[in-house]
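*Asks:* File follows, query-v9.pdb with PDB, C-alpha atoms and all ligand atoms:
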ATOM      1  CA  MET A   1       3.432  26.713  11.482
ATOM      2  CA  LEU A   2       2.370  27.683   8.042
ATOM      3  CA  LEU A   3       3.251  25.373   5.229
ATOM      4  CA  VAL A   4       3.536  27.243   1.992
ATOM      5  CA  LYS A   5       2.130  26.285  -1.367
ATOM      6  CA  ILE A   6       4.369  23.939  -3.217
ATOM      7  CA  ALA A   7       5.184  24.302  -6.888
ATOM      8  CA  THR A   8       5.414  20.714  -8.148
ATOM      9  CA  ARG A   9       8.236  19.646 -10.378
ATOM     10  CA  ASN A  10       9.597  16.382 -11.568
ATOM     11  CA  ARG A  11      11.798  14.860  -8.950
ATOM     12  CA  TYR A  12      13.398  11.493  -9.197
ATOM     13  CA  THR A  13      15.111  10.270  -6.092
ATOM     14  CA  ASN A  14      17.508   7.394  -5.599
ATOM     15  CA  ASP A  15      14.676   5.539  -3.947
ATOM     16  CA  THR A  16      12.906   5.159  -7.248
ATOM     17  CA  SER A  17      16.007   4.051  -9.121
ATOM     18  CA  LEU A  18      15.835   1.037 -11.344
ATOM     19  CA  GLY A  19      18.108  -0.827  -8.951
ATOM     20  CA  ALA A  20      15.646  -0.293  -6.139
ATOM     21  CA  TYR A  21      12.797  -1.689  -8.194
ATOM     22  CA  ASN A  22      14.762  -4.678  -9.387
ATOM     23  CA  PHE A  23      15.417  -5.338  -5.728
ATOM     24  CA  ALA A  24      11.692  -4.977  -5.019
ATOM     25  CA  PHE A  25      10.979  -7.609  -7.640
ATOM     26  CA  GLN A  26      13.500  -9.950  -6.078
ATOM     27  CA  SER A  27      12.086  -9.320  -2.631
ATOM     28  CA  ALA A  28       8.705 -10.639  -3.745
ATOM     29  CA  ARG A  29      10.202 -14.150  -3.533
ATOM     30  CA  LYS A  30      10.942 -16.259  -0.504
ATOM     31  CA  HIS A  31      14.261 -18.124  -0.290
ATOM     32  CA  ASN A  32      12.534 -21.477  -0.725
ATOM     33  CA  GLY A  33      11.098 -20.297  -4.038
ATOM     34  CA  GLU A  34       7.580 -19.691  -2.795
ATOM     35  CA  ILE A  35       6.292 -16.366  -4.072
ATOM     36  CA  TYR A  36       4.713 -14.073  -1.534
ATOM     37  CA  MET A  37       3.201 -10.608  -1.867
ATOM     38  CA  SER A  38       2.914 -11.348  -5.568
ATOM     39  CA  LEU A  39       0.389  -9.265  -7.466
ATOM     40  CA  SER A  40       0.635 -11.302 -10.618
ATOM     41  CA  GLY A  41      -2.654 -11.388 -12.529
ATOM     42  CA  HIS A  42      -3.940  -8.193 -10.924
ATOM     43  CA  VAL A  43      -4.594  -4.858 -12.587
ATOM     44  CA  ALA A  44      -3.920  -1.668 -10.641
ATOM     45  CA  PHE A  45      -5.037   1.884 -11.374
ATOM     46  CA  VAL A  46      -2.880   4.539  -9.693
ATOM     47  CA  THR A  47      -3.820   8.227  -9.678
ATOM     48  CA  GLY A  48      -1.158  10.915  -9.355
ATOM     49  CA  ALA A  49       1.339   8.472 -10.847
ATOM     50  CA  SER A  50       3.407  11.002 -12.771
ATOM     51  CA  GLN A  51       5.781  11.685  -9.877
ATOM     52  CA  GLY A  52       6.495  11.272  -6.183
ATOM     53  CA  ILE A  53       4.593   8.708  -4.126
ATOM     54  CA  GLY A  54       2.202   7.696  -6.917
ATOM     55  CA  ARG A  55       5.060   7.008  -9.300
ATOM     56  CA  ALA A  56       6.867   4.870  -6.739
ATOM     57  CA  CYS A  57       3.649   2.949  -6.026
ATOM     58  CA  ALA A  58       3.111   2.262  -9.727
ATOM     59  CA  VAL A  59       6.614   0.884 -10.194
ATOM     60  CA  LYS A  60       6.433  -1.156  -7.005
ATOM     61  CA  LEU A  61       3.096  -2.727  -7.980
ATOM     62  CA  ALA A  62       4.483  -3.509 -11.439
ATOM     63  CA  ALA A  63       7.592  -5.023  -9.883
ATOM     64  CA  ARG A  64       5.312  -7.298  -7.872
ATOM     65  CA  GLY A  65       3.665  -8.481 -11.093
ATOM     66  CA  ALA A  66       0.588  -6.258 -11.441
ATOM     67  CA  THR A  67      -0.355  -4.609 -14.713
ATOM     68  CA  VAL A  68      -0.477  -0.920 -13.894
ATOM     69  CA  ALA A  69      -2.692   1.785 -15.378
ATOM     70  CA  VAL A  70      -0.999   5.077 -14.563
ATOM     71  CA  ALA A  71      -3.038   8.275 -14.387
ATOM     72  CA  ALA A  72      -2.216  11.962 -13.959
ATOM     73  CA  ARG A  73      -2.248  15.104 -16.097
ATOM     74  CA  ASN A  74       1.338  15.035 -17.335
ATOM     75  CA  GLN A  75       1.359  12.656 -20.307
ATOM     76  CA  GLU A  76       5.110  12.947 -20.868
ATOM     77  CA  LYS A  77       5.961  11.840 -17.342
ATOM     78  CA  LEU A  78       3.453   8.987 -17.602
ATOM     79  CA  ASN A  79       5.059   7.798 -20.842
ATOM     80  CA  GLU A  80       8.452   7.843 -19.183
ATOM     81  CA  LEU A  81       7.041   5.861 -16.254
ATOM     82  CA  VAL A  82       5.584   3.166 -18.499
ATOM     83  CA  ARG A  83       8.943   2.879 -20.253
ATOM     84  CA  GLU A  84      10.552   2.273 -16.878
ATOM     85  CA  ILE A  85       7.925  -0.310 -15.921
ATOM     86  CA  GLU A  86       8.613  -2.146 -19.173
ATOM     87  CA  THR A  87      12.359  -2.003 -18.552
ATOM     88  CA  ILE A  88      11.889  -4.010 -15.357
ATOM     89  CA  GLY A  89       9.749  -6.540 -17.213
ATOM     90  CA  GLY A  90       6.383  -5.133 -16.109
ATOM     91  CA  LYS A  91       3.304  -4.036 -18.007
ATOM     92  CA  GLY A  92       1.665  -0.623 -17.898
ATOM     93  CA  ALA A  93      -0.331   1.921 -19.866
ATOM     94  CA  THR A  94      -1.036   5.613 -19.510
ATOM     95  CA  PHE A  95      -4.446   7.129 -18.830
ATOM     96  CA  PRO A  96      -4.011  10.904 -18.749
ATOM     97  CA  LEU A  97      -6.678  12.606 -16.703
ATOM     98  CA  ASP A  98      -7.474  15.516 -14.449
ATOM     99  CA  VAL A  99      -9.037  14.043 -11.313
ATOM    100  CA  THR A 100     -11.080  17.189 -10.758
ATOM    101  CA  ASP A 101     -13.051  16.330 -13.910
ATOM    102  CA  GLU A 102     -15.715  13.666 -13.346
ATOM    103  CA  GLU A 103     -16.065  12.803 -17.033
ATOM    104  CA  GLN A 104     -12.317  12.337 -17.442
ATOM    105  CA  ILE A 105     -12.249   9.948 -14.482
ATOM    106  CA  LYS A 106     -15.149   7.902 -15.840
ATOM    107  CA  SER A 107     -13.698   7.742 -19.309
ATOM    108  CA  ALA A 108     -10.138   6.874 -18.176
ATOM    109  CA  ILE A 109     -11.364   4.066 -15.930
ATOM    110  CA  LYS A 110     -13.670   2.784 -18.649
ATOM    111  CA  SER A 111     -10.740   2.716 -21.092
ATOM    112  CA  ALA A 112      -8.506   0.930 -18.586
ATOM    113  CA  ILE A 113     -11.159  -1.739 -17.985
ATOM    114  CA  ALA A 114     -11.679  -2.094 -21.753
ATOM    115  CA  GLN A 115      -7.932  -2.567 -22.221
ATOM    116  CA  PHE A 116      -7.181  -4.849 -19.267
ATOM    117  CA  GLU A 117     -10.653  -6.373 -18.632
ATOM    118  CA  LYS A 118     -10.720  -5.326 -14.997
ATOM    119  CA  ILE A 119      -9.290  -3.099 -12.295
ATOM    120  CA  ASP A 120      -8.837  -4.838  -9.013
ATOM    121  CA  ILE A 121      -6.432  -2.526  -7.189
ATOM    122  CA  LEU A 122      -7.148   1.194  -6.951
ATOM    123  CA  VAL A 123      -4.663   3.605  -5.408
ATOM    124  CA  ASN A 124      -6.256   6.996  -4.788
ATOM    125  CA  ASN A 125      -3.079   9.016  -4.501
ATOM    126  CA  ALA A 126      -3.497  12.260  -6.505
ATOM    127  CA  GLY A 127      -3.240  15.203  -4.159
ATOM    128  CA  VAL A 128      -2.391  18.881  -3.905
ATOM    129  CA  THR A 129      -1.841  21.527  -1.262
ATOM    130  CA  ARG A 130      -3.026  25.145  -1.346
ATOM    131  CA  ASP A 131      -1.811  26.349   2.033
ATOM    132  CA  GLN A 132      -3.073  29.444   3.782
ATOM    133  CA  LEU A 133      -4.225  30.501   7.236
ATOM    134  CA  ILE A 134      -7.943  29.949   7.667
ATOM    135  CA  MET A 135      -8.642  33.695   7.928
ATOM    136  CA  ARG A 136      -7.185  34.226   4.463
ATOM    137  CA  MET A 137      -8.030  30.989   2.747
ATOM    138  CA  LYS A 138      -9.809  31.574  -0.536
ATOM    139  CA  ARG A 139     -12.865  29.530  -1.369
ATOM    140  CA  ALA A 140     -11.202  28.471  -4.619
ATOM    141  CA  ASP A 141      -8.268  26.976  -2.684
ATOM    142  CA  TRP A 142     -10.613  25.132  -0.349
ATOM    143  CA  ASP A 143     -12.568  23.706  -3.279
ATOM    144  CA  ALA A 144      -9.494  22.753  -5.332
ATOM    145  CA  VAL A 145      -7.981  20.748  -2.472
ATOM    146  CA  LEU A 146     -11.226  19.019  -1.508
ATOM    147  CA  GLN A 147     -11.984  18.175  -5.125
ATOM    148  CA  THR A 148      -8.513  16.838  -5.931
ATOM    149  CA  ASN A 149      -7.834  14.990  -2.685
ATOM    150  CA  LEU A 150     -11.275  13.756  -1.626
ATOM    151  CA  THR A 151     -13.992  13.996  -4.279
ATOM    152  CA  SER A 152     -11.696  12.296  -6.792
ATOM    153  CA  ALA A 153     -11.375   9.295  -4.467
ATOM    154  CA  TYR A 154     -15.166   8.992  -4.296
ATOM    155  CA  LEU A 155     -15.444   9.208  -8.097
ATOM    156  CA  CYS A 156     -12.613   6.750  -8.816
ATOM    157  CA  THR A 157     -13.892   4.286  -6.216
ATOM    158  CA  GLN A 158     -17.388   4.447  -7.639
ATOM    159  CA  ALA A 159     -16.065   3.961 -11.169
ATOM    160  CA  VAL A 160     -14.006   0.840 -10.310
ATOM    161  CA  SER A 161     -16.430  -0.732  -7.849
ATOM    162  CA  SER A 162     -18.532  -2.685 -10.381
ATOM    163  CA  SER A 163     -15.380  -4.342 -11.757
ATOM    164  CA  MET A 164     -14.330  -5.316  -8.226
ATOM    165  CA  LEU A 165     -17.822  -6.459  -7.216
ATOM    166  CA  LYS A 166     -18.114  -8.670 -10.287
ATOM    167  CA  GLN A 167     -14.999 -10.621  -9.410
ATOM    168  CA  ARG A 168     -15.481 -10.465  -5.659
ATOM    169  CA  TRP A 169     -11.943  -9.261  -5.090
ATOM    170  CA  GLY A 170     -10.687  -5.755  -4.696
ATOM    171  CA  ARG A 171      -8.185  -3.527  -2.955
ATOM    172  CA  ILE A 172      -8.820   0.183  -2.514
ATOM    173  CA  ILE A 173      -5.927   2.115  -0.989
ATOM    174  CA  ASN A 174      -6.340   5.783  -0.172
ATOM    175  CA  ILE A 175      -3.288   7.954   0.439
ATOM    176  CA  ALA A 176      -4.315  10.143   3.379
ATOM    177  CA  SER A 177      -1.869  12.038   5.624
ATOM    178  CA  VAL A 178      -0.762  12.395   9.211
ATOM    179  CA  PHE A 179      -2.335  15.866   8.997
ATOM    180  CA  GLY A 180      -5.729  14.245   8.443
ATOM    181  CA  GLN A 181      -5.206  12.648  11.861
ATOM    182  CA  MET A 182      -3.744  15.564  13.837
ATOM    183  CA  GLY A 183      -4.441  18.702  11.762
ATOM    184  CA  GLN A 184      -1.887  21.222  10.588
ATOM    185  CA  ALA A 185      -1.945  25.007  10.906
ATOM    186  CA  GLY A 186      -2.134  26.596   7.482
ATOM    187  CA  GLN A 187      -3.660  23.457   6.012
ATOM    188  CA  ALA A 188      -7.335  23.477   7.036
ATOM    189  CA  ASN A 189      -8.318  22.476   3.488
ATOM    190  CA  TYR A 190      -5.668  19.753   3.190
ATOM    191  CA  SER A 191      -6.247  18.380   6.701
ATOM    192  CA  ALA A 192     -10.014  18.311   6.121
ATOM    193  CA  SER A 193      -9.582  16.493   2.807
ATOM    194  CA  LYS A 194      -7.352  13.849   4.375
ATOM    195  CA  ALA A 195      -9.560  13.407   7.452
ATOM    196  CA  GLY A 196     -12.475  13.038   5.035
ATOM    197  CA  LEU A 197     -10.542  10.397   3.139
ATOM    198  CA  ILE A 198     -10.097   8.427   6.357
ATOM    199  CA  GLY A 199     -13.867   8.511   7.078
ATOM    200  CA  PHE A 200     -14.535   7.593   3.460
ATOM    201  CA  THR A 201     -12.142   4.633   3.795
ATOM    202  CA  MET A 202     -13.975   3.229   6.809
ATOM    203  CA  ALA A 203     -17.432   3.664   5.226
ATOM    204  CA  VAL A 204     -16.376   1.957   1.986
ATOM    205  CA  ALA A 205     -14.681  -0.831   3.953
ATOM    206  CA  ARG A 206     -17.989  -1.524   5.723
ATOM    207  CA  GLU A 207     -20.002  -1.382   2.502
ATOM    208  CA  LEU A 208     -17.825  -3.579   0.321
ATOM    209  CA  GLY A 209     -16.302  -5.959   2.873
ATOM    210  CA  SER A 210     -18.858  -8.718   2.271
ATOM    211  CA  ARG A 211     -17.697  -8.850  -1.361
ATOM    212  CA  ASN A 212     -14.067  -9.453  -0.426
ATOM    213  CA  ILE A 213     -13.086  -5.895  -1.253
ATOM    214  CA  THR A 214     -10.831  -4.228   1.279
ATOM    215  CA  CYS A 215     -10.466  -0.484   1.649
ATOM    216  CA  ASN A 216      -7.605   0.967   3.658
ATOM    217  CA  ALA A 217      -5.841   4.271   4.065
ATOM    218  CA  ILE A 218      -2.164   5.031   4.418
ATOM    219  CA  ALA A 219      -1.236   8.075   6.446
ATOM    220  CA  PRO A 220       2.263   9.177   5.471
ATOM    221  CA  GLY A 221       4.156  11.624   7.646
ATOM    222  CA  PHE A 222       6.878  13.785   6.102
ATOM    223  CA  ILE A 223       7.900  12.164   2.807
ATOM    224  CA  GLU A 224      10.582  13.630   0.533
ATOM    225  CA  THR A 225       8.807  14.602  -2.693
ATOM    226  CA  ALA A 226       8.154  17.738  -4.726
ATOM    227  CA  MET A 227       5.268  18.440  -2.346
ATOM    228  CA  THR A 228       7.621  18.842   0.612
ATOM    229  CA  GLU A 229      10.754  19.980  -1.198
ATOM    230  CA  VAL A 230       9.761  23.626  -1.078
ATOM    231  CA  LEU A 231       9.916  23.530   2.729
ATOM    232  CA  GLY A 232      13.704  23.539   2.489
ATOM    233  CA  GLU A 233      16.596  21.667   4.064
ATOM    234  CA  GLU A 234      16.417  23.374   7.459
ATOM    235  CA  PHE A 235      12.722  22.548   7.822
ATOM    236  CA  LYS A 236      13.455  18.964   6.842
ATOM    237  CA  GLN A 237      16.254  18.624   9.394
ATOM    238  CA  ASN A 238      14.089  20.075  12.152
ATOM    239  CA  ALA A 239      11.231  17.784  11.158
ATOM    240  CA  ALA A 240      13.562  14.774  11.287
ATOM    241  CA  LYS A 241      14.492  15.679  14.873
ATOM    242  CA  GLN A 242      10.821  15.332  15.886
ATOM    243  CA  ILE A 243      10.534  11.907  14.243
ATOM    244  CA  PRO A 244      11.406   8.936  16.491
ATOM    245  CA  LEU A 245      13.068   7.058  13.605
ATOM    246  CA  GLY A 246      15.235  10.123  13.050
ATOM    247  CA  ARG A 247      14.664  10.649   9.360
ATOM    248  CA  VAL A 248      12.033  11.845   6.930
ATOM    249  CA  GLY A 249      10.319   9.184   4.835
ATOM    250  CA  THR A 250      10.961   8.123   1.254
ATOM    251  CA  VAL A 251       8.500   7.342  -1.501
ATOM    252  CA  GLU A 252       9.672   3.731  -1.195
ATOM    253  CA  ASP A 253       8.463   3.629   2.405
ATOM    254  CA  VAL A 254       4.951   4.459   1.219
ATOM    255  CA  ALA A 255       5.079   2.228  -1.859
ATOM    256  CA  ASN A 256       6.052  -0.760   0.323
ATOM    257  CA  ALA A 257       2.951  -0.209   2.449
ATOM    258  CA  VAL A 258       0.766   0.072  -0.660
ATOM    259  CA  ALA A 259       2.179  -3.165  -2.080
ATOM    260  CA  PHE A 260       1.493  -4.924   1.215
ATOM    261  CA  LEU A 261      -2.114  -3.704   1.466
ATOM    262  CA  ALA A 262      -2.684  -4.750  -2.152
ATOM    263  CA  SER A 263      -1.419  -8.274  -1.527
ATOM    264  CA  ASP A 264      -3.194 -11.447  -0.450
ATOM    265  CA  GLU A 265      -1.173 -11.276   2.765
ATOM    266  CA  ALA A 266      -3.341  -8.274   3.751
ATOM    267  CA  SER A 267      -6.658  -9.966   2.958
ATOM    268  CA  TYR A 268      -8.019  -9.656   6.541
ATOM    269  CA  ILE A 269      -7.155  -5.979   6.920
ATOM    270  CA  THR A 270      -9.819  -3.435   6.082
ATOM    271  CA  GLY A 271     -10.923  -0.010   7.275
ATOM    272  CA  HIS A 272      -7.427   0.477   8.663
ATOM    273  CA  VAL A 273      -5.277   3.583   8.666
ATOM    274  CA  LEU A 274      -1.653   2.523   8.313
ATOM    275  CA  ASN A 275       0.786   5.110   9.602
ATOM    276  CA  VAL A 276       3.941   5.480   7.527
ATOM    277  CA  ASN A 277       5.358   8.320   9.557
ATOM    278  CA  GLY A 278       8.491   7.129  11.356
ATOM    279  CA  GLY A 279       6.635   7.429  14.662
ATOM    280  CA  MET A 280       5.689  11.099  14.173
ATOM    281  CA  LEU A 281       2.184  10.263  15.444
ATOM    282  CA  MET A 282       1.308   7.117  17.360
ATOM    283  CA  GLY A 283      -1.815   5.489  18.700
TER     284      GLY A 283
HETATM  285  N1  LIG B   1       4.950  14.176   0.462
HETATM  286  C1  LIG B   1       4.448  14.065   1.682
HETATM  287  O1  LIG B   1       5.088  14.377   2.691
HETATM  288  C2  LIG B   1       3.052  13.520   1.866
HETATM  289  C3  LIG B   1       2.633  13.276   3.162
HETATM  290  C4  LIG B   1       1.361  12.774   3.366
HETATM  291  C5  LIG B   1       0.534  12.533   2.294
HETATM  292  N2  LIG B   1       0.960  12.799   1.041
HETATM  293  C6  LIG B   1       0.026  12.530  -0.052
HETATM  294  O2  LIG B   1       0.596  11.674  -0.999
HETATM  295  C7  LIG B   1       0.033  11.934  -2.286
HETATM  296  C8  LIG B   1       1.156  12.133  -3.282
HETATM  297  O3  LIG B   1       1.906  13.266  -2.886
HETATM  298  P1  LIG B   1       3.404  13.535  -3.357
HETATM  299  O4  LIG B   1       4.137  13.966  -2.166
HETATM  300  O5  LIG B   1       3.896  12.426  -4.169
HETATM  301  O6  LIG B   1       3.149  14.850  -4.230
HETATM  302  P2  LIG B   1       3.595  15.311  -5.685
HETATM  303  O7  LIG B   1       4.986  14.898  -5.957
HETATM  304  O8  LIG B   1       3.232  16.737  -5.761
HETATM  305  O9  LIG B   1       2.640  14.465  -6.650
HETATM  306  C9  LIG B   1       1.279  14.720  -6.728
HETATM  307  C10 LIG B   1       0.703  13.869  -7.833
HETATM  308  O10 LIG B   1      -0.712  14.152  -7.931
HETATM  309  C11 LIG B   1      -1.020  14.425  -9.283
HETATM  310  N3  LIG B   1      -2.131  15.368  -9.385
HETATM  311  C12 LIG B   1      -2.284  16.556  -8.754
HETATM  312  N4  LIG B   1      -3.403  17.166  -9.161
HETATM  313  C13 LIG B   1      -3.974  16.325 -10.075
HETATM  314  C14 LIG B   1      -5.139  16.407 -10.869
HETATM  315  N5  LIG B   1      -5.977  17.462 -10.803
HETATM  316  N6  LIG B   1      -5.426  15.379 -11.697
HETATM  317  C15 LIG B   1      -4.593  14.320 -11.792
HETATM  318  N7  LIG B   1      -3.477  14.184 -11.049
HETATM  319  C16 LIG B   1      -3.169  15.184 -10.216
HETATM  320  C17 LIG B   1       0.257  14.998  -9.891
HETATM  321  O11 LIG B   1       0.315  14.725 -11.288
HETATM  322  P3  LIG B   1       0.112  15.792 -12.480
HETATM  323  O12 LIG B   1       0.625  17.106 -12.002
HETATM  324  O13 LIG B   1       0.890  15.181 -13.611
HETATM  325  O14 LIG B   1      -1.359  15.783 -12.759
HETATM  326  C18 LIG B   1       1.304  14.169  -9.178
HETATM  327  O15 LIG B   1       1.532  12.962  -9.878
HETATM  328  C19 LIG B   1      -0.862  13.148  -2.124
HETATM  329  O16 LIG B   1      -2.196  12.739  -1.952
HETATM  330  C20 LIG B   1      -0.354  13.770  -0.840
HETATM  331  O17 LIG B   1      -1.331  14.519  -0.183
HETATM  332  C21 LIG B   1       2.204  13.293   0.788
END
Represent the structure of the file as structure tokens.

*Replies:*
Amino acid sequence: MLLVKIATRNRYTNDTSLGAYNFAFQSARKHNGEIYMSLSGHVAFVTGASQGIGRACAVKLAARGATVAVAARNQEKLNELVREIETIGGKGATFPLDVTDEEQIKSAIKSAIAQFEKIDILVNNAGVTRDQLIMRMKRADWDAVLQTNLTSAYLCTQAVSSSMLKQRWGRIINIASVFGQMGQAGQANYSASKAGLIGFTMAVARELGSRNITCNAIAPGFIETAMTEVLGEEFKQNAAKQIPLGRVGTVEDVANAVAFLASDEASYITGHVLNVNGGMLMG
């Protein structure tokens, strides 16, 4: 099945409503008053935060107490996101960047560290699709997807690693995909980038583990965002029928997994690929 190229647009689902995030903040507390999964005192840097999964992750991390540096190309959407983070009592700042530009990555991360003194949670989430059958896939579309989805993760990880090493604490979370695990026709570039991200995750986990830095990947299945919206309602309903949990995923489903992997409760988990796919792929 050929997935077509998706024109991204701002999309704001009920799952990212203020009410949902206020609930997320509440849910960071146990009934007896003990706080768990708190990210208070931590600084997170989230790429691709202007919409979709990245946006939900940024708000969720802020709701759990982290200061969040939000990065993407669309400055207006980032501003709006920081306003929302502040509305729920969180702290955030915008770092506009194009992740295909090495200098912009270095400079944005340098600025974030200068402003917040450290980055100890990195979410490599920025991603694109440029779908085409392999016979027709243009080199430019291969390169764009690999650069945005994979090379950017290498560059961001490298740029934050000295901050994490210095404090001997870090969380690197890479947003991969179920198609990096099983492949998808029409998405050789995308599947390769996500499979590469999974290998990258395991290598970094081995390298940085002795310094108390974990590196994990999340492999979402079909999540309702601008990236999948173009596939249409019929496609979505058919996809849901193939999913054991009987529904497509929400950005909240992914953000919950990110918040968990960023927390102290996940301190003995590294090099793992966490499926957030409703059972679409198991094992
Ligand atoms: N939706 C799904 O079903 C699904 C499933 C598995 C994995 N994923 C992965 O989840 C991640 C987020 O996807 P999504 O569904 O939330 O997609 P989305 O709504 O299209 O969001 C993509 C985000 O990436 C940013 N981005 C793209 N190119 C960029 C660049 N060159 N520089 C900086 N930022 C860039 C976009 O921001 P700007 O345009 O403002 O730069 C946007 O914030 C991606 O890595 C995707 O592969 C999604």

*Asks:* Between A:Gln132, A:Ser191, A:Ser163, A:Asn212, single out the one closest to ligand LIG 1 (chain B), counting only C-alpha atoms and all ligand atoms.

*Replies:* A:Ser191

*Asks:* Please identify every polymer residue within 7 Å of ligand LIG 1 (chain B), using all atoms listed in the file, and present the set as a PDB file with C-alpha atoms, keeping the file's coordinate frame.

*Replies:*
ATOM      1  CA  THR A   8       5.414  20.714  -8.148  1.00  0.00           C
ATOM      2  CA  THR A  47      -3.820   8.227  -9.678  1.00  0.00           C
ATOM      3  CA  GLY A  48      -1.158  10.915  -9.355  1.00  0.00           C
ATOM      4  CA  ALA A  49       1.339   8.472 -10.847  1.00  0.00           C
ATOM      5  CA  SER A  50       3.407  11.002 -12.771  1.00  0.00           C
ATOM      6  CA  GLN A  51       5.781  11.685  -9.877  1.00  0.00           C
ATOM      7  CA  GLY A  52       6.495  11.272  -6.183  1.00  0.00           C
ATOM      8  CA  ILE A  53       4.593   8.708  -4.126  1.00  0.00           C
ATOM      9  CA  GLY A  54       2.202   7.696  -6.917  1.00  0.00           C
ATOM     10  CA  ARG A  55       5.060   7.008  -9.300  1.00  0.00           C
ATOM     11  CA  ALA A  71      -3.038   8.275 -14.387  1.00  0.00           C
ATOM     12  CA  ALA A  72      -2.216  11.962 -13.959  1.00  0.00           C
ATOM     13  CA  ARG A  73      -2.248  15.104 -16.097  1.00  0.00           C
ATOM     14  CA  ASN A  74       1.338  15.035 -17.335  1.00  0.00           C
ATOM     15  CA  LEU A  97      -6.678  12.606 -16.703  1.00  0.00           C
ATOM     16  CA  ASP A  98      -7.474  15.516 -14.449  1.00  0.00           C
ATOM     17  CA  VAL A  99      -9.037  14.043 -11.313  1.00  0.00           C
ATOM     18  CA  THR A 100     -11.080  17.189 -10.758  1.00  0.00           C
ATOM     19  CA  ASN A 125      -3.079   9.016  -4.501  1.00  0.00           C
ATOM     20  CA  ALA A 126      -3.497  12.260  -6.505  1.00  0.00           C
ATOM     21  CA  GLY A 127      -3.240  15.203  -4.159  1.00  0.00           C
ATOM     22  CA  VAL A 128      -2.391  18.881  -3.905  1.00  0.00           C
ATOM     23  CA  THR A 148      -8.513  16.838  -5.931  1.00  0.00           C
ATOM     24  CA  ASN A 149      -7.834  14.990  -2.685  1.00  0.00           C
ATOM     25  CA  ILE A 175      -3.288   7.954   0.439  1.00  0.00           C
ATOM     26  CA  ALA A 176      -4.315  10.143   3.379  1.00  0.00           C
ATOM     27  CA  SER A 177      -1.869  12.038   5.624  1.00  0.00           C
ATOM     28  CA  VAL A 178      -0.762  12.395   9.211  1.00  0.00           C
ATOM     29  CA  ALA A 219      -1.236   8.075   6.446  1.00  0.00           C
ATOM     30  CA  PRO A 220       2.263   9.177   5.471  1.00  0.00           C
ATOM     31  CA  GLY A 221       4.156  11.624   7.646  1.00  0.00           C
ATOM     32  CA  PHE A 222       6.878  13.785   6.102  1.00  0.00           C
ATOM     33  CA  ILE A 223       7.900  12.164   2.807  1.00  0.00           C
ATOM     34  CA  GLU A 224      10.582  13.630   0.533  1.00  0.00           C
ATOM     35  CA  THR A 225       8.807  14.602  -2.693  1.00  0.00           C
ATOM     36  CA  ALA A 226       8.154  17.738  -4.726  1.00  0.00           C
ATOM     37  CA  MET A 227       5.268  18.440  -2.346  1.00  0.00           C
ATOM     38  CA  THR A 228       7.621  18.842   0.612  1.00  0.00           C
TER      39      THR A 228
END

*Asks:* Name the residues that the PyMOL selection byres (((chain A and resi 170) around 6) and not hetatm) picks from the file above, as a ChimeraX atom specification, using the file's chain letters and numbers.

*Replies:* /A:120-121,164,169,171,213

*Asks:* Atoms to include: C-alpha atoms. Write the selected residues as a CSV table (one decimal), keeping the file's coordinate frame.

*Replies:*
chain,number,residue,atom,x,y,z
A,120,ASP,CA,-8.8,-4.8,-9.0
A,121,ILE,CA,-6.4,-2.5,-7.2
A,164,MET,CA,-14.3,-5.3,-8.2
A,169,TRP,CA,-11.9,-9.3,-5.1
A,171,ARG,CA,-8.2,-3.5,-3.0
A,213,ILE,CA,-13.1,-5.9,-1.3

*Asks:* May I have the residues within 9 Å of Thr151 of chain A as a list in words, using only C-alpha atoms and disregarding those fewer than 3 positions away in the same chain?

*Replies:*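 Using only C-alpha atoms, the neighbours found are Val99, Thr100, Leu146, Gln147, Thr148, Tyr154, Leu155, Cys156, Ser193 and Leu197 of chain A.
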
*Asks:* Counting all atoms listed in the file, which of A:Leu281, A:Leu78, A:Ala114, A:Val254 gets nearest to Gly183 of chain A?

*Replies:* A:Leu281

*Asks:* Work out how far atom CA of Gly199 of chain A is from atom CA of Lys166 of chain A, in Å to one decimal.

*Replies:*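 For atom CA of Lys166 of chain A relative to atom CA of Gly199 of chain A, the distance reads 24.8 Å.
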
*Asks:* Could you give me, as a PyMOL selection string, the residues within 9 Å of Lys60 of chain A, counting only C-alpha atoms and dropping anything in the same chain fewer than 2 positions from it?

*Replies:* chain A and resi 21+24-25+55-58+62-66+252+255-256+258-259

*Asks:* Just the number, please: distance in Å from atom CA of Thr94 of chain A to atom CA of Val82 of chain A, one decimal.

*Replies:*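 Calculated distance between atom CA of Thr94 of chain A and atom CA of Val82 of chain A is 7.1 Å.
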
*Asks:* Take every atom of segment 60-74 of chain A listed in the file, fit an axis-aligned box around them, add 6 Å per side, and give the centre and edge lengths in Å to one decimal as AutoDock Vina command-line options.

*Replies:*
--center_x 2.3 --center_y 3.3 --center_z -12.2 --size_x 22.6 --size_y 35.6 --size_z 22.3

*Asks:* Kindly resolve the PyMOL selection byres (((chain A and resi 90) around 7) and not hetatm) on the present coordinates and return the residues as a PyMOL selection string.

*Replies:* chain A and resi 62-63+65+67+85-86+88-89+91-92

*Asks:* Considering all atoms listed in the file, state which residue in the set A:Ala185, A:Val59, A:Ile172, A:Ser38 is at the smallest distance from Phe200 of chain A.

*Replies:*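 Checking each candidate against Phe200 of chain A, we get A:Ile172 as the closest.
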
*Asks:* Have a look at atom CA of Thr270 of chain A and atom CA of Arg206 of chain A and let me know their distance in Å, one decimal.

*Replies:*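 The value is 8.4 Å.
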
*Asks:* At a cut-off of 12 Å, using all atoms listed in the file, what residues contact Lys241 of chain A? Leave out same-chain residues fewer than 5 positions from it and give the result as a short mmCIF file (atom, residue, chain, number, x, y, z; two decimals) with C-alpha atoms, in the coordinates of the input.

*Replies:*
data_model
loop_
_atom_site.label_atom_id
_atom_site.label_comp_id
_atom_site.auth_asym_id
_atom_site.auth_seq_id
_atom_site.Cartn_x
_atom_site.Cartn_y
_atom_site.Cartn_z
CA PHE A 222 6.88 13.78 6.10
CA GLU A 234 16.42 23.37 7.46
CA PHE A 235 12.72 22.55 7.82
CA LYS A 236 13.46 18.96 6.84
CA GLY A 246 15.24 10.12 13.05
CA ARG A 247 14.66 10.65 9.36
CA VAL A 248 12.03 11.84 6.93
CA GLY A 278 8.49 7.13 11.36
CA GLY A 279 6.64 7.43 14.66
CA MET A 280 5.69 11.10 14.17
#
